[in-house]
>>> print(open('upload-v3.txt').read())   # compact mmCIF, C-alpha atoms
# COMPACT_ATOMS: atom_id res chain seq x y z
CA MET A 1 14.26 37.39 42.29
CA LYS A 2 16.58 36.11 39.54
CA THR A 3 16.44 32.65 41.13
CA VAL A 4 12.62 32.69 41.03
CA VAL A 5 12.64 33.76 37.37
CA LEU A 6 15.19 31.07 36.52
CA ILE A 7 13.09 28.40 38.21
CA GLY A 8 10.04 29.72 36.38
CA LEU A 9 11.85 29.26 33.08
CA LEU A 10 13.35 25.90 33.94
CA VAL A 11 10.16 24.14 35.04
CA PRO A 12 8.35 24.44 31.66
CA GLY A 13 11.60 23.56 29.88
CA ILE A 14 12.08 20.44 31.97
CA ALA A 15 8.44 19.50 31.38
CA LEU A 16 8.89 19.95 27.63
CA VAL A 17 12.03 17.82 27.59
CA GLY A 18 10.27 15.19 29.68
CA ALA A 19 7.31 15.13 27.32
CA ALA A 20 9.64 14.84 24.32
CA LEU A 21 11.51 11.92 25.93
CA TRP A 22 8.21 10.25 26.82
CA LEU A 23 6.87 10.56 23.26
CA TRP A 24 10.17 9.75 21.53
CA THR A 25 9.86 6.48 19.62
CA PRO A 26 13.18 5.03 18.44
CA ASP A 27 13.60 2.58 15.57
CA LYS A 28 13.40 -1.12 16.31
CA PRO A 29 16.41 -3.29 15.44
CA ARG A 30 16.01 -4.86 12.02
CA ALA A 31 17.05 -8.27 13.38
CA GLU A 32 14.20 -8.12 15.90
CA LEU A 33 11.67 -7.26 13.19
CA GLN A 34 12.93 -9.99 10.90
CA ALA A 35 12.61 -12.53 13.70
CA ALA A 36 8.96 -11.54 14.09
CA TYR A 37 7.84 -10.94 10.50
CA LEU A 38 10.24 -12.67 8.07
CA ALA A 39 9.03 -16.11 6.97
CA ALA A 40 12.39 -17.21 5.52
CA PRO A 41 15.80 -15.57 5.00
CA ALA A 42 15.50 -16.31 1.26
CA ASP A 43 12.57 -13.88 1.12
CA LEU A 44 15.06 -10.99 1.22
CA VAL A 45 16.30 -10.63 -2.35
CA THR A 46 18.43 -8.14 -4.27
CA VAL A 47 16.77 -6.58 -7.31
CA SER A 48 18.42 -3.78 -9.33
CA GLY A 49 20.55 -2.73 -6.39
CA ALA A 50 17.71 -2.72 -3.86
CA THR A 51 16.87 -5.29 -1.19
CA LEU A 52 13.22 -6.33 -1.31
CA HIS A 53 11.14 -8.47 1.00
CA VAL A 54 9.28 -10.87 -1.32
CA ARG A 55 7.00 -13.84 -0.65
CA ASP A 56 6.47 -16.15 -3.59
CA THR A 57 3.97 -18.97 -2.93
CA GLY A 58 1.85 -21.35 -4.93
CA PRO A 59 2.62 -23.58 -7.93
CA ARG A 60 5.46 -22.16 -10.03
CA GLU A 61 3.71 -23.17 -13.26
CA ALA A 62 0.42 -21.48 -12.27
CA PRO A 63 -0.65 -18.02 -13.54
CA ALA A 64 1.24 -15.34 -11.61
CA VAL A 65 -0.52 -12.73 -9.49
CA ILE A 66 1.46 -9.84 -7.99
CA LEU A 67 -0.04 -8.03 -4.97
CA LEU A 68 0.96 -4.40 -4.30
CA HIS A 69 0.18 -2.81 -0.95
CA GLY A 70 -0.75 0.80 -0.21
CA PHE A 71 0.92 3.64 1.67
CA GLY A 72 2.15 2.69 5.15
CA ALA A 73 1.26 -0.99 4.70
CA SER A 74 3.28 -4.12 3.93
CA LEU A 75 2.88 -7.44 2.14
CA HIS A 76 1.20 -8.75 5.31
CA THR A 77 -1.94 -6.79 4.37
CA TRP A 78 -2.61 -9.54 1.79
CA GLU A 79 -2.17 -12.52 4.13
CA PRO A 80 -5.81 -13.77 4.07
CA TRP A 81 -6.12 -13.36 0.30
CA ALA A 82 -2.75 -14.97 -0.43
CA ALA A 83 -3.62 -17.98 1.71
CA GLU A 84 -6.76 -18.55 -0.38
CA LEU A 85 -5.26 -17.77 -3.79
CA ASP A 86 -2.01 -19.69 -3.75
CA ASP A 87 -3.66 -23.04 -4.34
CA ASP A 88 -4.43 -22.08 -7.95
CA PHE A 89 -2.09 -19.15 -8.54
CA ARG A 90 1.54 -18.26 -8.10
CA VAL A 91 1.12 -15.41 -5.61
CA ILE A 92 3.92 -12.86 -5.28
CA ARG A 93 3.79 -10.22 -2.56
CA LEU A 94 6.46 -7.67 -1.85
CA ASP A 95 7.19 -4.78 0.46
CA LEU A 96 7.81 -1.60 -1.50
CA PRO A 97 11.27 -0.06 -0.90
CA GLY A 98 11.45 1.40 2.59
CA ALA A 99 8.21 -0.32 3.67
CA GLY A 100 7.70 -3.44 5.74
CA LEU A 101 10.95 -5.41 5.82
CA SER A 102 12.32 -3.88 2.60
CA PRO A 103 15.13 -1.49 3.62
CA PRO A 104 15.15 2.06 2.26
CA ASP A 105 16.15 2.45 -1.38
CA PRO A 106 19.93 2.99 -1.56
CA ALA A 107 19.42 5.93 -3.92
CA GLY A 108 16.53 7.37 -1.90
CA ASP A 109 14.31 7.04 -4.98
CA TYR A 110 10.66 6.31 -4.14
CA THR A 111 9.07 7.42 -7.40
CA ASP A 112 6.59 5.25 -9.27
CA ASP A 113 9.15 4.92 -12.09
CA ARG A 114 11.65 3.35 -9.71
CA VAL A 115 9.11 0.92 -8.29
CA ILE A 116 7.90 -0.09 -11.76
CA GLY A 117 11.50 -0.72 -12.78
CA LEU A 118 11.98 -2.93 -9.73
CA LEU A 119 8.77 -4.86 -10.46
CA LEU A 120 9.80 -5.57 -14.05
CA ALA A 121 13.27 -6.62 -12.90
CA LEU A 122 11.74 -8.92 -10.25
CA MET A 123 9.49 -10.51 -12.88
CA ASP A 124 12.48 -11.06 -15.16
CA GLN A 125 14.52 -12.47 -12.29
CA ARG A 126 11.78 -15.02 -11.54
CA GLY A 127 11.09 -15.94 -15.16
CA ILE A 128 7.63 -14.35 -15.24
CA ASP A 129 6.75 -12.95 -18.65
CA ARG A 130 3.22 -11.83 -17.76
CA ALA A 131 1.25 -11.48 -14.54
CA ALA A 132 -2.02 -10.22 -13.15
CA LEU A 133 -1.51 -7.16 -10.96
CA VAL A 134 -3.56 -6.44 -7.84
CA GLY A 135 -2.98 -3.09 -6.16
CA ASN A 136 -4.54 -1.11 -3.34
CA SER A 137 -4.40 2.69 -3.14
CA VAL A 138 -0.82 3.73 -4.04
CA GLY A 139 -0.22 0.12 -5.08
CA GLY A 140 -3.19 0.48 -7.43
CA ARG A 141 -1.66 3.56 -9.03
CA ILE A 142 1.60 1.72 -9.57
CA ALA A 143 -0.28 -1.27 -11.02
CA TRP A 144 -2.30 0.68 -13.58
CA THR A 145 0.72 2.78 -14.56
CA LEU A 146 2.75 -0.36 -15.25
CA ALA A 147 -0.18 -1.84 -17.20
CA ALA A 148 -0.41 1.29 -19.36
CA ARG A 149 3.31 1.49 -20.09
CA HIS A 150 4.00 -2.23 -20.45
CA PRO A 151 0.76 -3.87 -21.63
CA GLU A 152 2.67 -6.93 -22.82
CA ARG A 153 3.55 -7.80 -19.19
CA VAL A 154 0.04 -7.61 -17.68
CA THR A 155 -2.77 -10.17 -18.11
CA ARG A 156 -5.38 -8.68 -15.76
CA LEU A 157 -5.66 -5.74 -13.42
CA VAL A 158 -7.46 -5.55 -10.06
CA LEU A 159 -7.58 -2.02 -8.63
CA ILE A 160 -8.74 -1.72 -5.04
CA SER A 161 -9.69 1.91 -4.27
CA PRO A 162 -6.77 3.02 -6.46
CA ASP A 163 -4.95 6.33 -6.18
CA GLY A 164 -4.29 8.53 -9.21
CA PHE A 165 -6.84 11.31 -9.63
CA ALA A 166 -6.24 14.72 -8.08
CA SER A 167 -7.78 15.55 -4.71
CA PRO A 168 -7.54 18.45 -2.22
CA GLY A 169 -3.86 18.85 -1.35
CA PHE A 170 -2.79 16.52 -4.16
CA GLU A 171 -2.81 18.49 -7.40
CA TYR A 172 -1.45 17.49 -10.78
CA GLY A 173 2.09 18.48 -11.68
CA LYS A 174 3.53 19.14 -8.24
CA PRO A 175 4.33 17.19 -5.09
CA PRO A 176 1.89 17.49 -2.18
CA GLU A 177 2.49 19.77 0.76
CA VAL A 178 3.43 17.41 3.56
CA PRO A 179 2.03 18.79 6.85
CA ALA A 180 4.70 19.64 9.41
CA ILE A 181 3.03 17.35 11.92
CA MET A 182 3.73 14.43 9.57
CA GLY A 183 7.44 15.21 9.90
CA LEU A 184 7.20 14.53 13.63
CA MET A 185 6.48 10.90 12.76
CA ARG A 186 10.23 10.43 12.36
CA TYR A 187 10.65 10.95 16.10
CA THR A 188 7.41 9.79 17.68
CA LEU A 189 4.74 7.24 16.80
CA PRO A 190 2.13 6.95 19.58
CA ARG A 191 0.16 3.74 19.24
CA GLY A 192 -3.21 5.40 19.85
CA MET A 193 -2.63 8.04 17.20
CA LEU A 194 -1.47 5.43 14.69
CA ARG A 195 -4.50 3.26 15.41
CA ASP A 196 -6.79 6.21 14.71
CA ASN A 197 -5.03 6.84 11.39
CA ILE A 198 -5.26 3.22 10.26
CA ALA A 199 -8.89 2.99 11.39
CA VAL A 200 -9.81 5.69 8.88
CA GLY A 201 -9.30 2.98 6.26
CA TYR A 202 -12.06 0.87 7.83
CA ALA A 203 -15.79 1.58 7.68
CA ASP A 204 -16.04 -0.24 11.01
CA PRO A 205 -13.05 0.71 13.20
CA ALA A 206 -13.87 -2.21 15.51
CA ALA A 207 -12.75 -4.53 12.70
CA LEU A 208 -9.17 -3.28 13.12
CA SER A 209 -7.46 -5.80 15.38
CA ASP A 210 -4.82 -5.03 17.99
CA GLY A 211 -2.50 -7.45 16.20
CA ALA A 212 -2.79 -5.51 12.96
CA VAL A 213 -2.01 -2.22 14.74
CA THR A 214 1.03 -3.81 16.38
CA ARG A 215 2.28 -5.08 13.02
CA TYR A 216 1.76 -1.74 11.28
CA ARG A 217 3.57 0.08 14.08
CA ASP A 218 6.43 -2.39 14.37
CA LEU A 219 7.19 -2.24 10.65
CA MET A 220 6.96 1.55 10.57
CA LEU A 221 9.67 1.50 13.23
CA ALA A 222 12.09 -0.36 10.95
CA PRO A 223 15.31 1.65 10.50
CA GLY A 224 14.72 4.34 7.88
CA ALA A 225 11.08 3.39 7.26
CA ARG A 226 9.53 6.60 8.55
CA LYS A 227 11.85 8.80 6.51
CA ALA A 228 11.13 6.63 3.44
CA MET A 229 7.39 7.17 3.94
CA LEU A 230 7.84 10.92 4.04
CA ASP A 231 10.20 10.87 1.05
CA ARG A 232 7.69 8.80 -0.94
CA MET A 233 5.04 11.44 -0.29
CA LYS A 234 7.38 14.29 -1.25
CA GLN A 235 8.43 12.54 -4.46
CA THR A 236 4.90 11.76 -5.64
CA VAL A 237 3.87 14.01 -8.52
CA LEU A 238 0.51 13.14 -10.05
CA THR A 239 -0.27 13.73 -13.70
CA ASP A 240 -3.66 13.57 -15.38
CA PRO A 241 -4.23 9.78 -15.41
CA VAL A 242 -6.75 9.66 -18.24
CA PRO A 243 -4.25 9.44 -21.16
CA LEU A 244 -2.46 6.53 -19.48
CA LEU A 245 -5.68 4.78 -18.45
CA ASN A 246 -6.88 5.03 -22.06
CA ARG A 247 -3.86 2.93 -23.10
CA ILE A 248 -4.64 -0.03 -20.83
CA THR A 249 -5.67 -3.12 -22.80
CA ALA A 250 -5.92 -5.65 -19.96
CA PRO A 251 -9.34 -6.36 -18.43
CA VAL A 252 -9.79 -4.36 -15.22
CA LEU A 253 -11.77 -5.10 -12.06
CA LEU A 254 -12.41 -2.16 -9.75
CA VAL A 255 -13.04 -3.09 -6.11
CA TRP A 256 -14.25 -0.30 -3.83
CA GLY A 257 -15.72 0.16 -0.39
CA GLU A 258 -18.49 2.73 -0.70
CA ARG A 259 -17.58 4.14 2.73
CA ASP A 260 -14.00 4.84 1.68
CA ALA A 261 -12.84 7.87 3.69
CA MET A 262 -9.44 8.10 1.97
CA ILE A 263 -10.19 7.96 -1.76
CA PRO A 264 -13.84 8.68 -2.56
CA PHE A 265 -15.98 5.94 -4.08
CA ALA A 266 -17.12 8.55 -6.62
CA ASN A 267 -13.69 8.21 -8.27
CA ALA A 268 -14.82 4.82 -9.57
CA ARG A 269 -16.83 6.67 -12.22
CA ASP A 270 -13.65 8.42 -13.39
CA TYR A 271 -11.92 5.09 -13.90
CA GLN A 272 -14.97 3.60 -15.63
CA GLY A 273 -14.97 6.53 -18.04
CA ALA A 274 -11.28 6.16 -18.90
CA LEU A 275 -10.83 2.38 -19.11
CA ALA A 276 -11.83 0.34 -22.15
CA ASP A 277 -12.61 -2.97 -20.39
CA VAL A 278 -13.69 -2.45 -16.78
CA ARG A 279 -16.06 -3.92 -14.22
CA LEU A 280 -16.94 -2.67 -10.76
CA VAL A 281 -17.55 -4.52 -7.52
CA SER A 282 -18.61 -2.28 -4.64
CA PHE A 283 -19.26 -2.98 -0.96
CA PRO A 284 -21.72 -0.57 0.73
CA ASP A 285 -20.45 -1.28 4.26
CA LEU A 286 -16.67 -1.35 3.72
CA GLY A 287 -13.95 1.29 3.54
CA HIS A 288 -10.58 1.80 1.89
CA LEU A 289 -9.14 -1.61 2.83
CA PRO A 290 -11.77 -4.25 1.97
CA HIS A 291 -9.09 -6.95 1.73
CA GLU A 292 -8.23 -6.31 5.39
CA GLU A 293 -11.62 -5.33 6.78
CA ALA A 294 -13.58 -8.24 5.27
CA PRO A 295 -11.20 -10.56 3.38
CA ALA A 296 -13.62 -13.48 3.14
CA ARG A 297 -16.33 -11.33 1.52
CA SER A 298 -14.14 -9.21 -0.72
CA LEU A 299 -12.04 -11.99 -2.26
CA PRO A 300 -14.60 -14.14 -4.18
CA PRO A 301 -15.30 -11.65 -7.01
CA VAL A 302 -11.57 -11.06 -7.33
CA ARG A 303 -10.85 -14.76 -7.53
CA ALA A 304 -13.60 -15.19 -10.12
CA PHE A 305 -12.12 -12.37 -12.20
CA LEU A 306 -8.61 -13.77 -12.01
CA SER A 307 -9.84 -17.28 -12.84
CA GLU A 308 -12.45 -16.78 -15.51
CA GLY A 309 -12.26 -13.25 -16.84
CA ARG A 310 -14.73 -10.81 -15.51
CA PRO A 311 -17.70 -11.11 -13.20
CA THR A 312 -21.19 -10.20 -14.36
CA PRO A 313 -23.20 -8.04 -14.48
CA ASP A 314 -21.34 -4.80 -15.30
CA ALA A 315 -21.51 -3.49 -11.74
CA ILE A 316 -22.02 -5.74 -8.75
CA THR A 317 -23.03 -4.36 -5.37
CA GLN A 318 -22.14 -6.80 -2.63
CA PRO A 319 -24.44 -7.08 0.40
>>> encode(input="upload-v3.txt", output="structure tokens")
Amino acid sequence: MKTVVLIGLLVPGIALVGAALWLWTPDKPRAELQAAYLAAPADLVTVSGATLHVRDTGPREAPAVILLHGFGASLHTWEPWAAELDDDFRVIRLDLPGAGLSPPDPAGDYTDDRVIGLLLALMDQRGIDRAALVGNSVGGRIAWTLAARHPERVTRLVLISPDGFASPGFEYGKPPEVPAIMGLMRYTLPRGMLRDNIAVGYADPAALSDGAVTRYRDLMLAPGARKAMLDRMKQTVLTDPVPLLNRITAPVLLVWGERDAMIPFANARDYQGALADVRLVSFPDLGHLPHEEAPARSLPPVRAFLSEGRPTPDAITQP
């Protein structure tokens, strides 16, 4: 009888261990990832004690444009835009600490203050006094915060579905509650589940290519990247953005997919109410990542804004 009971206990246990081993997703060697996604060894640079993956293309004497990616992404998210912009602009893309090919921050600091400090140090290191900032989601929040605190360093601001206003589960004054299931990401990263999560950023999930999913997953498997993502979430404490937005003097272009399932398009009105010099371009059939989902359609108004000032009329709805 004891043998039967023991077997009855062992079988589910063995099944559970087997499932855990099957789902377990180890890190990928950094050398392997660099071989696949690093354009040149010189793109890994040391800035204020951190190693950053930076791509700097276009004429050095041209106006500088710095592109800041969102949560879970990398500088590769900007590839189509960068390829079109770097004929007339000096285009600088970087992986935030602990994202893409940038190793985790040595101090484990993923706050906006730390990233802004790194951006200013990178600009100083490259002899860039002023630059236009383009940011998506979390990158947008970092961009407008830098523009508010250091207006002398920012010429123009392009905010693509930017983060910053409170939402359910993300209140002002305290870090968000990170769901326990998110913590499992450190040990397992099923491709299908990741694809579903990325596809939420697209109005048309079919526009998400297999190559993009592979790249996202590979770079999330960089050593320490998954822990850095979780730490960045835990260290994010939102404050009421209106006082800072009121201080921004640079012209601002808002770019938003009206079918954004991550940050509601309705938030555009909040930014319009708080910013002194702002224009809006919206796309009825795009989601949170217009620069990925439809780069050829979403770039022209951005290029016009960066080149000539601001597009007209006040709000443009793209077909």
>>> closest_atom_pairs(input="upload-v3.txt", of="range 98-203 of chain A", to="range 265-275 of chain A", cutoff="12 Å", atoms="only C-alpha atoms", output="JSON lines")
{"residue": "A:Ser137", "atom": "CA", "partner": "A:Asn267", "partner_atom": "CA", "distance": 12.0}
{"residue": "A:Gly140", "atom": "CA", "partner": "A:Tyr271", "partner_atom": "CA", "distance": 11.8}
{"residue": "A:Arg141", "atom": "CA", "partner": "A:Tyr271", "partner_atom": "CA", "distance": 11.5}
{"residue": "A:Trp144", "atom": "CA", "partner": "A:Leu275", "partner_atom": "CA", "distance": 10.3}
{"residue": "A:Ala147", "atom": "CA", "partner": "A:Leu275", "partner_atom": "CA", "distance": 11.6}
{"residue": "A:Ala148", "atom": "CA", "partner": "A:Leu275", "partner_atom": "CA", "distance": 10.5}
{"residue": "A:Leu157", "atom": "CA", "partner": "A:Leu275", "partner_atom": "CA", "distance": 11.2}
{"residue": "A:Leu159", "atom": "CA", "partner": "A:Tyr271", "partner_atom": "CA", "distance": 9.9}
{"residue": "A:Ile160", "atom": "CA", "partner": "A:Ala268", "partner_atom": "CA", "distance": 10.0}
{"residue": "A:Ser161", "atom": "CA", "partner": "A:Phe265", "partner_atom": "CA", "distance": 7.5}
{"residue": "A:Pro162", "atom": "CA", "partner": "A:Ala268", "partner_atom": "CA", "distance": 8.8}
{"residue": "A:Asp163", "atom": "CA", "partner": "A:Asn267", "partner_atom": "CA", "distance": 9.2}
{"residue": "A:Gly164", "atom": "CA", "partner": "A:Asn267", "partner_atom": "CA", "distance": 9.5}
{"residue": "A:Phe165", "atom": "CA", "partner": "A:Asn267", "partner_atom": "CA", "distance": 7.6}
{"residue": "A:Ala166", "atom": "CA", "partner": "A:Asn267", "partner_atom": "CA", "distance": 9.9}
{"residue": "A:Ser167", "atom": "CA", "partner": "A:Asn267", "partner_atom": "CA", "distance": 10.1}
>>> closest_residue(input="upload-v3.txt", among="A:Ala180, A:Gly58, A:Ala35, A:Val213", to="Asp196 in chain A", atoms="all atoms listed in the file")
A:Val213
>>> axis_aligned_box(input="upload-v3.txt", around="range 272-278 of chain A", padding_each_side="8 Å", output="JSON")
{"center_x": -12.9, "center_y": 1.8, "center_z": -18.9, "size_x": 20.1, "size_y": 25.5, "size_z": 22.5}
>>> atom_distance(input="upload-v3.txt", atom1="CA of Met182 in chain A", atom2="CA of Thr77 in chain A")
22.6 Å
>>> residues_around(input="upload-v3.txt", residues="Val200 in chain A", least_positions_apart="4", cutoff="10 Å", atoms="only C-alpha atoms", output="short mmCIF file (atom, residue, chain, number, x, y, z; two decimals) with C-alpha atoms, in the frame of the given file")
data_model
loop_
_atom_site.label_atom_id
_atom_site.label_comp_id
_atom_site.auth_asym_id
_atom_site.auth_seq_id
_atom_site.Cartn_x
_atom_site.Cartn_y
_atom_site.Cartn_z
CA ARG A 195 -4.50 3.26 15.41
CA ASP A 196 -6.79 6.21 14.71
CA ASP A 204 -16.04 -0.24 11.01
CA PRO A 205 -13.05 0.71 13.20
CA LEU A 208 -9.17 -3.28 13.12
CA ASP A 260 -14.00 4.84 1.68
CA ALA A 261 -12.84 7.87 3.69
CA MET A 262 -9.44 8.10 1.97
CA GLY A 287 -13.95 1.29 3.54
CA HIS A 288 -10.58 1.80 1.89
CA LEU A 289 -9.14 -1.61 2.83
#
>>> residues_around(input="upload-v3.txt", residues="Leu133 in chain A", least_positions_apart="2", cutoff="8 Å", atoms="all atoms listed in the file", output="list of chain:residue names")
A:Val65, A:Ile66, A:Leu67, A:Leu68, A:Ala131, A:Gly135, A:Ala143, A:Val154, A:Thr155, A:Arg156, A:Leu157, A:Val158
>>> atom_distance(input="upload-v3.txt", atom1="CA of Ala83 in chain A", atom2="CA of Ala40 in chain A")
16.5 Å
>>> closest_atom_pairs(input="upload-v3.txt", of="range 19-44 of chain A", to="range 222-233 of chain A", cutoff="7 Å", atoms="only C-alpha atoms", output="tab-separated table")
residue	atom	partner	partner_atom	distance
A:Asp27	CA	A:Pro223	CA	5.4
A:Lys28	CA	A:Ala222	CA	5.6
A:Pro29	CA	A:Ala222	CA	6.9
A:Arg30	CA	A:Ala222	CA	6.1
>>> closest_atom_pairs(input="upload-v3.txt", of="range 90-200 of chain A", to="range 45-57 of chain A", cutoff="12 Å", atoms="only C-alpha atoms", output="tab-separated table")
residue	atom	partner	partner_atom	distance
A:Arg90	CA	A:Thr57	CA	5.8
A:Val91	CA	A:Thr57	CA	5.3
A:Ile92	CA	A:Asp56	CA	4.5
A:Arg93	CA	A:Arg55	CA	5.2
A:Leu94	CA	A:Val54	CA	4.3
A:Asp95	CA	A:His53	CA	5.4
A:Leu96	CA	A:Leu52	CA	7.2
A:Pro97	CA	A:Leu52	CA	6.6
A:Gly98	CA	A:Leu52	CA	8.8
A:Ala99	CA	A:His53	CA	9.1
A:Gly100	CA	A:His53	CA	7.7
A:Leu101	CA	A:His53	CA	5.7
A:Ser102	CA	A:Leu52	CA	4.7
A:Pro103	CA	A:Thr51	CA	6.4
A:Pro104	CA	A:Ala50	CA	8.2
A:Asp105	CA	A:Ala50	CA	5.9
A:Pro106	CA	A:Ala50	CA	6.5
A:Ala107	CA	A:Ala50	CA	8.8
A:Gly108	CA	A:Ala50	CA	10.3
A:Asp109	CA	A:Ala50	CA	10.4
A:Tyr110	CA	A:Ala50	CA	11.5
A:Arg114	CA	A:Ser48	CA	9.8
A:Val115	CA	A:Ala50	CA	10.3
A:Ile116	CA	A:Ser48	CA	11.4
A:Gly117	CA	A:Ser48	CA	8.3
A:Leu118	CA	A:Val47	CA	6.5
A:Leu119	CA	A:Val47	CA	8.8
A:Leu120	CA	A:Val47	CA	9.7
A:Ala121	CA	A:Val47	CA	6.6
A:Leu122	CA	A:Val47	CA	6.3
A:Met123	CA	A:Val47	CA	10.0
A:Asp124	CA	A:Val47	CA	10.0
A:Gln125	CA	A:Val47	CA	8.0
A:Arg126	CA	A:Asp56	CA	9.6
A:Ile128	CA	A:Asp56	CA	11.8
>>> closest_residue(input="upload-v3.txt", among="A:Arg303, A:Arg279, A:Arg149, A:His291", to="Asn136 in chain A", atoms="only C-alpha atoms")
A:His291
>>> closest_residue(input="upload-v3.txt", among="A:Val138, A:Ala36, A:Met185, A:Leu85", to="Leu238 in chain A", atoms="all atoms listed in the file")
A:Val138
>>> closest_residue(input="upload-v3.txt", among="A:Glu293, A:Asn246, A:Glu79, A:Arg217", to="Ala199 in chain A", atoms="all atoms listed in the file")
A:Glu293
>>> decode(input="upload-v3.txt", residues="range 205-226 of chain A", atoms="N, CA and C atoms", output="PDB file, in the first residue's frame")
ATOM      1  N   PRO A 205      -2.106  42.040 -35.750  1.00  0.00           N
ATOM      2  CA  PRO A 205      -1.061  41.106 -35.309  1.00  0.00           C
ATOM      3  C   PRO A 205      -0.336  40.425 -36.458  1.00  0.00           C
ATOM      4  N   ALA A 206      -0.983  40.317 -37.619  1.00  0.00           N
ATOM      5  CA  ALA A 206      -0.337  39.672 -38.763  1.00  0.00           C
ATOM      6  C   ALA A 206       0.862  40.481 -39.260  1.00  0.00           C
ATOM      7  N   ALA A 207       0.927  41.763 -38.880  1.00  0.00           N
ATOM      8  CA  ALA A 207       2.055  42.595 -39.300  1.00  0.00           C
ATOM      9  C   ALA A 207       3.324  42.294 -38.515  1.00  0.00           C
ATOM     10  N   LEU A 208       3.194  41.551 -37.416  1.00  0.00           N
ATOM     11  CA  LEU A 208       4.356  41.173 -36.610  1.00  0.00           C
ATOM     12  C   LEU A 208       5.059  39.994 -37.269  1.00  0.00           C
ATOM     13  N   SER A 209       6.272  40.202 -37.724  1.00  0.00           N
ATOM     14  CA  SER A 209       6.985  39.161 -38.459  1.00  0.00           C
ATOM     15  C   SER A 209       7.645  38.156 -37.518  1.00  0.00           C
ATOM     16  N   ASP A 210       7.887  36.960 -38.037  1.00  0.00           N
ATOM     17  CA  ASP A 210       8.595  35.940 -37.256  1.00  0.00           C
ATOM     18  C   ASP A 210      10.007  36.414 -36.909  1.00  0.00           C
ATOM     19  N   GLY A 211      10.637  37.154 -37.831  1.00  0.00           N
ATOM     20  CA  GLY A 211      11.976  37.652 -37.566  1.00  0.00           C
ATOM     21  C   GLY A 211      12.007  38.619 -36.400  1.00  0.00           C
ATOM     22  N   ALA A 212      10.979  39.467 -36.309  1.00  0.00           N
ATOM     23  CA  ALA A 212      10.917  40.415 -35.194  1.00  0.00           C
ATOM     24  C   ALA A 212      10.730  39.678 -33.875  1.00  0.00           C
ATOM     25  N   VAL A 213       9.886  38.660 -33.857  1.00  0.00           N
ATOM     26  CA  VAL A 213       9.676  37.880 -32.631  1.00  0.00           C
ATOM     27  C   VAL A 213      10.973  37.201 -32.212  1.00  0.00           C
ATOM     28  N   THR A 214      11.682  36.636 -33.182  1.00  0.00           N
ATOM     29  CA  THR A 214      12.964  35.982 -32.881  1.00  0.00           C
ATOM     30  C   THR A 214      13.947  36.973 -32.271  1.00  0.00           C
ATOM     31  N   ARG A 215      14.018  38.174 -32.849  1.00  0.00           N
ATOM     32  CA  ARG A 215      14.941  39.187 -32.330  1.00  0.00           C
ATOM     33  C   ARG A 215      14.556  39.609 -30.918  1.00  0.00           C
ATOM     34  N   TYR A 216      13.289  39.907 -30.702  1.00  0.00           N
ATOM     35  CA  TYR A 216      12.837  40.277 -29.356  1.00  0.00           C
ATOM     36  C   TYR A 216      13.216  39.192 -28.357  1.00  0.00           C
ATOM     37  N   ARG A 217      12.916  37.947 -28.702  1.00  0.00           N
ATOM     38  CA  ARG A 217      13.165  36.847 -27.765  1.00  0.00           C
ATOM     39  C   ARG A 217      14.652  36.643 -27.529  1.00  0.00           C
ATOM     40  N   ASP A 218      15.437  36.646 -28.591  1.00  0.00           N
ATOM     41  CA  ASP A 218      16.883  36.464 -28.438  1.00  0.00           C
ATOM     42  C   ASP A 218      17.461  37.502 -27.472  1.00  0.00           C
ATOM     43  N   LEU A 219      17.107  38.764 -27.680  1.00  0.00           N
ATOM     44  CA  LEU A 219      17.711  39.823 -26.876  1.00  0.00           C
ATOM     45  C   LEU A 219      17.183  39.835 -25.445  1.00  0.00           C
ATOM     46  N   MET A 220      15.973  39.329 -25.240  1.00  0.00           N
ATOM     47  CA  MET A 220      15.478  39.174 -23.869  1.00  0.00           C
ATOM     48  C   MET A 220      16.193  38.054 -23.133  1.00  0.00           C
ATOM     49  N   LEU A 221      16.844  37.174 -23.910  1.00  0.00           N
ATOM     50  CA  LEU A 221      17.587  36.068 -23.309  1.00  0.00           C
ATOM     51  C   LEU A 221      19.058  36.416 -23.084  1.00  0.00           C
ATOM     52  N   ALA A 222      19.423  37.675 -23.302  1.00  0.00           N
ATOM     53  CA  ALA A 222      20.785  38.103 -22.971  1.00  0.00           C
ATOM     54  C   ALA A 222      20.993  37.967 -21.466  1.00  0.00           C
ATOM     55  N   PRO A 223      22.189  37.623 -21.026  1.00  0.00           N
ATOM     56  CA  PRO A 223      22.440  37.443 -19.591  1.00  0.00           C
ATOM     57  C   PRO A 223      22.021  38.673 -18.773  1.00  0.00           C
ATOM     58  N   GLY A 224      21.137  38.457 -17.828  1.00  0.00           N
ATOM     59  CA  GLY A 224      20.683  39.522 -16.936  1.00  0.00           C
ATOM     60  C   GLY A 224      19.564  40.383 -17.477  1.00  0.00           C
ATOM     61  N   ALA A 225      19.172  40.190 -18.746  1.00  0.00           N
ATOM     62  CA  ALA A 225      18.185  41.085 -19.360  1.00  0.00           C
ATOM     63  C   ALA A 225      16.808  40.941 -18.728  1.00  0.00           C
ATOM     64  N   ARG A 226      16.408  39.713 -18.432  1.00  0.00           N
ATOM     65  CA  ARG A 226      15.063  39.523 -17.879  1.00  0.00           C
ATOM     66  C   ARG A 226      14.955  40.098 -16.463  1.00  0.00           C
TER      67      ARG A 226
END
